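Down below is the structure, laid out as structure tokens.
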Amino acid sequence: MGLIKKICCVGAGFVGGPTMAVFADKCPQLNIEIVDINKERINDWNQNDLTKLPIFEPGLKEIIQRVRGKNLHFSCDIEPAIKNADMVFISVNTPIKQKGVGAGETSDLRWVEACARKISEVATGHTIVVEKSTLPVRTAKTIKDILNASNPKVDRFENKKSFSVLSNPEFLAEGTAIINLERPDRVLIGGDDDYAIESLKKIYLNWVPPERIICSNLWSSELSKLTANAFLAQRISSINSITALCEVTGADIKEVGKAVGSDSRIGEKFISPGPGFGGSCFKKDILNLVYLCRYFGLSEVAEFWNSIVKINSWQKKRIYSLIVDKLYGNLFEKNIAILGFAFKSNTNDTRESPAIDICKDLIKEGAHLNIHDYKVSKQAISKELDLDLDPFTNVLSRESTSKSWSFFDDVYQATKEVDAIIIITEWEDYKKIDWELIVHNLRKPSWIFDTRVLLEPSYFKNMDVNFWQLGLGF
Ligand code: UDX
Ligand code: UDX
């Protein structure tokens, strides 16, 4: 067993792509191959035009330009990449299960399992397998079982093959992924094989100070990731629950947030109110935690965490109902501009975006939506709004919603002659647009709904528009 020279990462997604790009940039001595079953995605990663990379992340294209074709390669040749690797990262998606035991509650591990079987089949010599995907606690046991059991433990060259499994959860947040990877608060490595832990630690030591690298056992590492996300989501549900109280009592959530966050024990980060948290991780990870608690009979703990998800769904419904109410209880033949469809700013990711539920509900009420986003494509919106899973057959069907919304890449066109504007994603550029012109072009009486507390309410006071802001009392 020597030093790690070759790395393979299975899954060229939001986690695998940026993570391996930073690894390659910080460790020129490593040769990294990112593989994926999705040909189109790999082609996009290999595009000459770096503005067309499959993922938008500030700072990513500059790194890709430096390392791609040198020590970072993207391909669909999964088997040779695994075979040649000393270390394989599993970074495939793990969405919530859609059917069967644990449906709607726990992660669908079919791709993780398939990945482990492939590694078990084609790896050679000693291979360190690293869980990068967020997984339910004790998934490492499943991976270990598969690696060690589903084949005779010799490789194709009759060498003995062996595996070590590590958990190395990713804490990057989309939109700030590169900063989070380059200057992580901490790196967590869980495992029971000291040699494997040291091998991965050595890689991180190329740019991460040693005191920021935490080592633990496998299960603590897996559980820490779920718990960290649950704590973060809990802060958002806490502040969002207070927005409703502010609106009825005359308090202002900006002032409350500032006063509360100034307590250094609480801190000012991660208490921005909004239409509810989205993204691929928070809901899924809390549901996994809830499932785990129920499995072990800890129903009170399960209910505690489940309420975080409940408040999140409630916030979206609350905002939608309030909009219908302000628009005289009727959206039929009304046009509404949706500003922002990404689940947060600085990303083109729409997974679990609060925009999805809010838009679907508004469409069901009869509204026509003009949707604008700076980075999300029309195709991505169509995937979220027009496809629905039939609850009985579990088959994806195209709903008739496609005629109920239009896509605009120009914010002025999107807002022309509409009855209302709803800001759902906090893109900074929405602060800089010509609001006077926009208000002038609205159909009167008109409304602006600011669900991200992005705009300054006093600015709209003397304009011919009704202005509603989340968490702002009368
Ligand atoms: C990550 C984590 O891995 C996941 O556990 C977490 O919950 C969300 O963040 P992410 O990188 O965001 O996932 O997912 P995605 O962008 O969908 O990328 C996963 C990639 O894996 C896709 O490109 C998919 O094509 C690929 N894949 C999936 C494989 O290459 N092989 C498979 O068998 C399955
Ligand atoms: C999250 C975790 O932050 C990250 O550590 C983990 O690895 C993956 O999941 P991500 O989902 O990419 O990252 O973004 P994050 O910045 O955490 O935002 C999640 C959601 O919460 C977004 O919809 C965001 O708009 C919302 N949010 C965040 C708020 O509403 N208020 C806040 O104060 C912060």
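Labeling convention for the structure tokens: chains A, B, ... as they appear, residues from 1 per chain, ligands from 1 in order of appearance.
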> Could you name the residues that touch Ile78 of chain A at 9 Å or less, counting only C-alpha atoms, but leaving out those on the same chain fewer than 6 positions away, as an NGL selection string?
Replying inline: :A and (8 or 10 or 34-37 or 118)
Write out, as a PDB file, in the first residue's frame, the residues just selected, with C-alpha atoms.
```pdb
ATOM      1  CA  CYS A   8     -11.830   8.065  -9.139  1.00  0.00           C
ATOM      2  CA  VAL A  10     -18.331   8.291  -9.295  1.00  0.00           C
ATOM      3  CA  ILE A  34     -14.640  11.874 -12.512  1.00  0.00           C
ATOM      4  CA  VAL A  35     -17.011   9.369 -14.075  1.00  0.00           C
ATOM      5  CA  ASP A  36     -20.752   9.441 -14.557  1.00  0.00           C
ATOM      6  CA  ILE A  37     -23.380   7.326 -16.308  1.00  0.00           C
ATOM      7  CA  LYS A 118     -19.291  -2.090  -9.511  1.00  0.00           C
TER       8      LYS A 118
END
```
Contact table chain A vs ligand 1, cut-off 8 Å, shortest pair per residue, only C-alpha atoms and all ligand atoms, as JSON lines:
```
{"residue": "A:Val10", "atom": "CA", "partner": "ligand 1", "partner_atom_place_in_ligand_line": "30 (O)", "distance": 5.4}
{"residue": "A:Gly11", "atom": "CA", "partner": "ligand 1", "partner_atom_place_in_ligand_line": "21 (O)", "distance": 3.4}
{"residue": "A:Ala12", "atom": "CA", "partner": "ligand 1", "partner_atom_place_in_ligand_line": "23 (O)", "distance": 4.7}
{"residue": "A:Gly13", "atom": "CA", "partner": "ligand 1", "partner_atom_place_in_ligand_line": "18 (O)", "distance": 3.2}
{"residue": "A:Phe14", "atom": "CA", "partner": "ligand 1", "partner_atom_place_in_ligand_line": "11 (O)", "distance": 3.8}
{"residue": "A:Val15", "atom": "CA", "partner": "ligand 1", "partner_atom_place_in_ligand_line": "11 (O)", "distance": 3.7}
{"residue": "A:Gly16", "atom": "CA", "partner": "ligand 1", "partner_atom_place_in_ligand_line": "11 (O)", "distance": 5.4}
{"residue": "A:Gly17", "atom": "CA", "partner": "ligand 1", "partner_atom_place_in_ligand_line": "11 (O)", "distance": 7.4}
{"residue": "A:Val35", "atom": "CA", "partner": "ligand 1", "partner_atom_place_in_ligand_line": "30 (O)", "distance": 6.2}
{"residue": "A:Asp36", "atom": "CA", "partner": "ligand 1", "partner_atom_place_in_ligand_line": "30 (O)", "distance": 3.4}
{"residue": "A:Ile37", "atom": "CA", "partner": "ligand 1", "partner_atom_place_in_ligand_line": "30 (O)", "distance": 4.2}
{"residue": "A:Asn38", "atom": "CA", "partner": "ligand 1", "partner_atom_place_in_ligand_line": "25 (O)", "distance": 4.6}
{"residue": "A:Arg41", "atom": "CA", "partner": "ligand 1", "partner_atom_place_in_ligand_line": "23 (O)", "distance": 6.4}
{"residue": "A:Ile90", "atom": "CA", "partner": "ligand 1", "partner_atom_place_in_ligand_line": "3 (O)", "distance": 7.5}
{"residue": "A:Ser91", "atom": "CA", "partner": "ligand 1", "partner_atom_place_in_ligand_line": "3 (O)", "distance": 4.3}
{"residue": "A:Val92", "atom": "CA", "partner": "ligand 1", "partner_atom_place_in_ligand_line": "21 (O)", "distance": 3.6}
{"residue": "A:Asn93", "atom": "CA", "partner": "ligand 1", "partner_atom_place_in_ligand_line": "14 (O)", "distance": 4.3}
{"residue": "A:Thr94", "atom": "CA", "partner": "ligand 1", "partner_atom_place_in_ligand_line": "5 (O)", "distance": 4.6}
{"residue": "A:Pro95", "atom": "CA", "partner": "ligand 1", "partner_atom_place_in_ligand_line": "7 (O)", "distance": 6.3}
{"residue": "A:Arg110", "atom": "CA", "partner": "ligand 1", "partner_atom_place_in_ligand_line": "33 (O)", "distance": 7.7}
{"residue": "A:Trp111", "atom": "CA", "partner": "ligand 1", "partner_atom_place_in_ligand_line": "33 (O)", "distance": 4.3}
{"residue": "A:Val112", "atom": "CA", "partner": "ligand 1", "partner_atom_place_in_ligand_line": "33 (O)", "distance": 6.8}
{"residue": "A:Ala114", "atom": "CA", "partner": "ligand 1", "partner_atom_place_in_ligand_line": "33 (O)", "distance": 6.0}
{"residue": "A:Cys115", "atom": "CA", "partner": "ligand 1", "partner_atom_place_in_ligand_line": "33 (O)", "distance": 5.8}
{"residue": "A:Lys132", "atom": "CA", "partner": "ligand 1", "partner_atom_place_in_ligand_line": "3 (O)", "distance": 6.0}
{"residue": "A:Ser133", "atom": "CA", "partner": "ligand 1", "partner_atom_place_in_ligand_line": "3 (O)", "distance": 3.3}
{"residue": "A:Thr134", "atom": "CA", "partner": "ligand 1", "partner_atom_place_in_ligand_line": "5 (O)", "distance": 3.8}
{"residue": "A:Leu135", "atom": "CA", "partner": "ligand 1", "partner_atom_place_in_ligand_line": "5 (O)", "distance": 6.1}
{"residue": "A:Ser280", "atom": "CA", "partner": "ligand 1", "partner_atom_place_in_ligand_line": "8 (C)", "distance": 5.1}
{"residue": "A:Cys281", "atom": "CA", "partner": "ligand 1", "partner_atom_place_in_ligand_line": "7 (O)", "distance": 4.9}
{"residue": "A:Lys284", "atom": "CA", "partner": "ligand 1", "partner_atom_place_in_ligand_line": "7 (O)", "distance": 7.1}
{"residue": "A:Asp285", "atom": "CA", "partner": "ligand 1", "partner_atom_place_in_ligand_line": "7 (O)", "distance": 7.6}
```
Can I get the selected residues back with C-alpha atoms, as a compact mmCIF listing (two decimals), in the first residue's frame?
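Final output, saved to selection01.txt:
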```
# COMPACT_ATOMS: atom_id res chain seq x y z
CA VAL A 10 -18.33 8.29 -9.29
CA GLY A 11 -20.92 11.04 -9.83
CA ALA A 12 -20.17 14.31 -11.65
CA GLY A 13 -22.90 16.28 -9.87
CA PHE A 14 -23.12 19.34 -7.65
CA VAL A 15 -20.94 17.63 -5.05
CA GLY A 16 -18.58 15.42 -7.09
CA GLY A 17 -17.73 18.06 -9.72
CA VAL A 35 -17.01 9.37 -14.07
CA ASP A 36 -20.75 9.44 -14.56
CA ILE A 37 -23.38 7.33 -16.31
CA ASN A 38 -24.93 10.49 -17.76
CA ARG A 41 -23.46 15.70 -18.24
CA ILE A 90 -19.01 7.64 -4.12
CA SER A 91 -20.78 10.87 -4.98
CA VAL A 92 -23.97 9.68 -6.62
CA ASN A 93 -27.37 11.08 -5.79
CA THR A 94 -29.44 9.68 -2.92
CA PRO A 95 -32.96 11.09 -3.27
CA ARG A 110 -30.07 1.97 -5.24
CA TRP A 111 -27.32 4.01 -6.91
CA VAL A 112 -25.00 3.77 -3.93
CA ALA A 114 -24.93 -0.27 -7.66
CA CYS A 115 -21.79 1.79 -7.25
CA LYS A 132 -19.19 11.47 -0.14
CA SER A 133 -22.94 11.25 -0.71
CA THR A 134 -25.06 12.07 2.33
CA LEU A 135 -26.33 8.75 3.57
CA SER A 280 -31.25 18.58 -2.18
CA CYS A 281 -30.17 18.00 1.41
CA LYS A 284 -34.04 14.57 2.88
CA ASP A 285 -31.54 14.55 5.73
```
> Restricting the calculation to only C-alpha atoms and all ligand atoms, which member of A:Ala302, A:Ile356, A:Leu172, A:Ala230 is positioned closest to ligand 2?
Replying inline: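 So, comparing all the options, the nearest one is A:Leu172.
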> Quick one: residues within 7 Å of segment 62-72 of chain A, only C-alpha atoms counted, chain neighbours fewer than 4 positions away excluded, as a count of residues only?
Replying inline: 8
> Pick from A:Val465, A:Val248, A:Leu339, A:Ile239: nearest to ligand 2, with only C-alpha atoms and all ligand atoms counted?
Replying inline: A:Ile239
>> At a cut-off of 9 Å and counting only C-alpha atoms and all ligand atoms, what residues surround ligand 2? Please answer as JSON, numbers by chain.
In response: {"A": [14, 15, 134, 169, 170, 171, 172, 173, 174, 175, 176, 177, 180, 225, 228, 229, 232, 233, 235, 236, 237, 239, 240, 268, 269, 270, 271, 272, 273, 274, 275, 276, 277, 278, 279, 280, 281, 282, 285, 342, 343, 344, 345, 347, 349, 352, 353, 354, 425, 426, 452]}
> atom CA of Asp361 of chain A and atom CA of Trp427 of chain A are how many Å apart?
Replying inline: 22.7 Å
> For Leu181 of chain A, which residue among A:Val22, A:Leu109, A:Leu298, A:Ile338 is the nearest when counting only C-alpha atoms?
Replying inline: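 Closest to Leu181 of chain A of all the choices is A:Val22.
Minimum atom-to-atom distances from A:Ile178, A:Lys383, A:Glu40, A:Val130 to Phe56 of chain A were compared using only C-alpha atoms, and the lowest value belongs to A:Ile178.
Candidate residues A:Phe163, A:Tyr374, A:Tyr295, A:Phe89 were compared for distance to Ala123 of chain A, and the nearest is A:Phe163, using only C-alpha atoms.
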>> Ranking A:His372, A:Ile358, A:Asp192, A:Asn330 by minimum distance to Asp419 of chain A and counting only C-alpha atoms, which one comes first?
In response: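 Checking each of A:His372, A:Ile358, A:Asp192, A:Asn330 against Asp419 of chain A, counting only C-alpha atoms, the winner is A:Asn330.
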>> Please identify the strand (DSSP E) residues within segment 84-155 of chain A (assignment by DSSP from backbone atoms) and present them as number ranges by chain.
In response: A: 87-90, 126-131
>> I'd like the contact shell of Arg443 of chain A - 9 Å cut-off, only C-alpha atoms, skipping same-chain residues fewer than 2 positions apart - returned as a PyMOL selection string.
In response: chain A and resi 416-420+439-441+445-446
>> Need to verify the contact set: Ser404 of chain A, 9 Å, only C-alpha atoms, exclusion of same-chain residues closer than 4 positions in sequence. Can you return it as a list of chain:residue names?
In response: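 Listed by chain and then number, they are A:Ile363, A:Gly366, A:Ala367, A:His368, A:Leu369, A:Asn370, A:Ser400.
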>> Env of Ile214 of chain A: 9 Å cut, atoms = only C-alpha atoms, seq-sep filter 5 positions within chain, self excluded. Answer as JSON, numbers by chain.
In response: {"A": [186, 187, 188, 189, 190]}
Go ahead and save the picked residues with C-alpha atoms, as an mmCIF file, in the first residue's frame.
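Wrote again_16.cif, looks like this:
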```cif
data_model
loop_
_atom_site.group_PDB
_atom_site.id
_atom_site.type_symbol
_atom_site.label_atom_id
_atom_site.label_comp_id
_atom_site.auth_asym_id
_atom_site.auth_seq_id
_atom_site.Cartn_x
_atom_site.Cartn_y
_atom_site.Cartn_z
ATOM 1 C CA ARG A 186 -13.823 21.462 9.238
ATOM 2 C CA VAL A 187 -13.198 18.270 7.313
ATOM 3 C CA LEU A 188 -14.708 15.165 8.851
ATOM 4 C CA ILE A 189 -13.224 11.720 8.251
ATOM 5 C CA GLY A 190 -14.924 8.702 9.782
#
```
> Leaving out Val165 of chain A and any residue of its chain fewer than 4 positions from it, which residues lie within 9 Å of it when counting only C-alpha atoms, given as a list in words?
Replying inline: Thr127, Ile128, Val129, Val130, Glu131, Ala140, Lys141, Ile143, Lys144, Gly190, Gly191, Asp192, Asp193, Ala196 and Leu218 of chain A
>> One number please: atom CA of Tyr291 of chain A to atom CA of Ile146 of chain A, in Å, one decimal.
In response: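 According to the coordinates, atom CA of Tyr291 of chain A and atom CA of Ile146 of chain A are separated by 23.1 Å.
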> What is the distance, in Å and to one decimal place, between atom CA of Asn84 of chain A and atom CA of Cys9 of chain A?
Replying inline: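 Going from atom CA of Asn84 of chain A over to atom CA of Cys9 of chain A, I get 11.8 Å.
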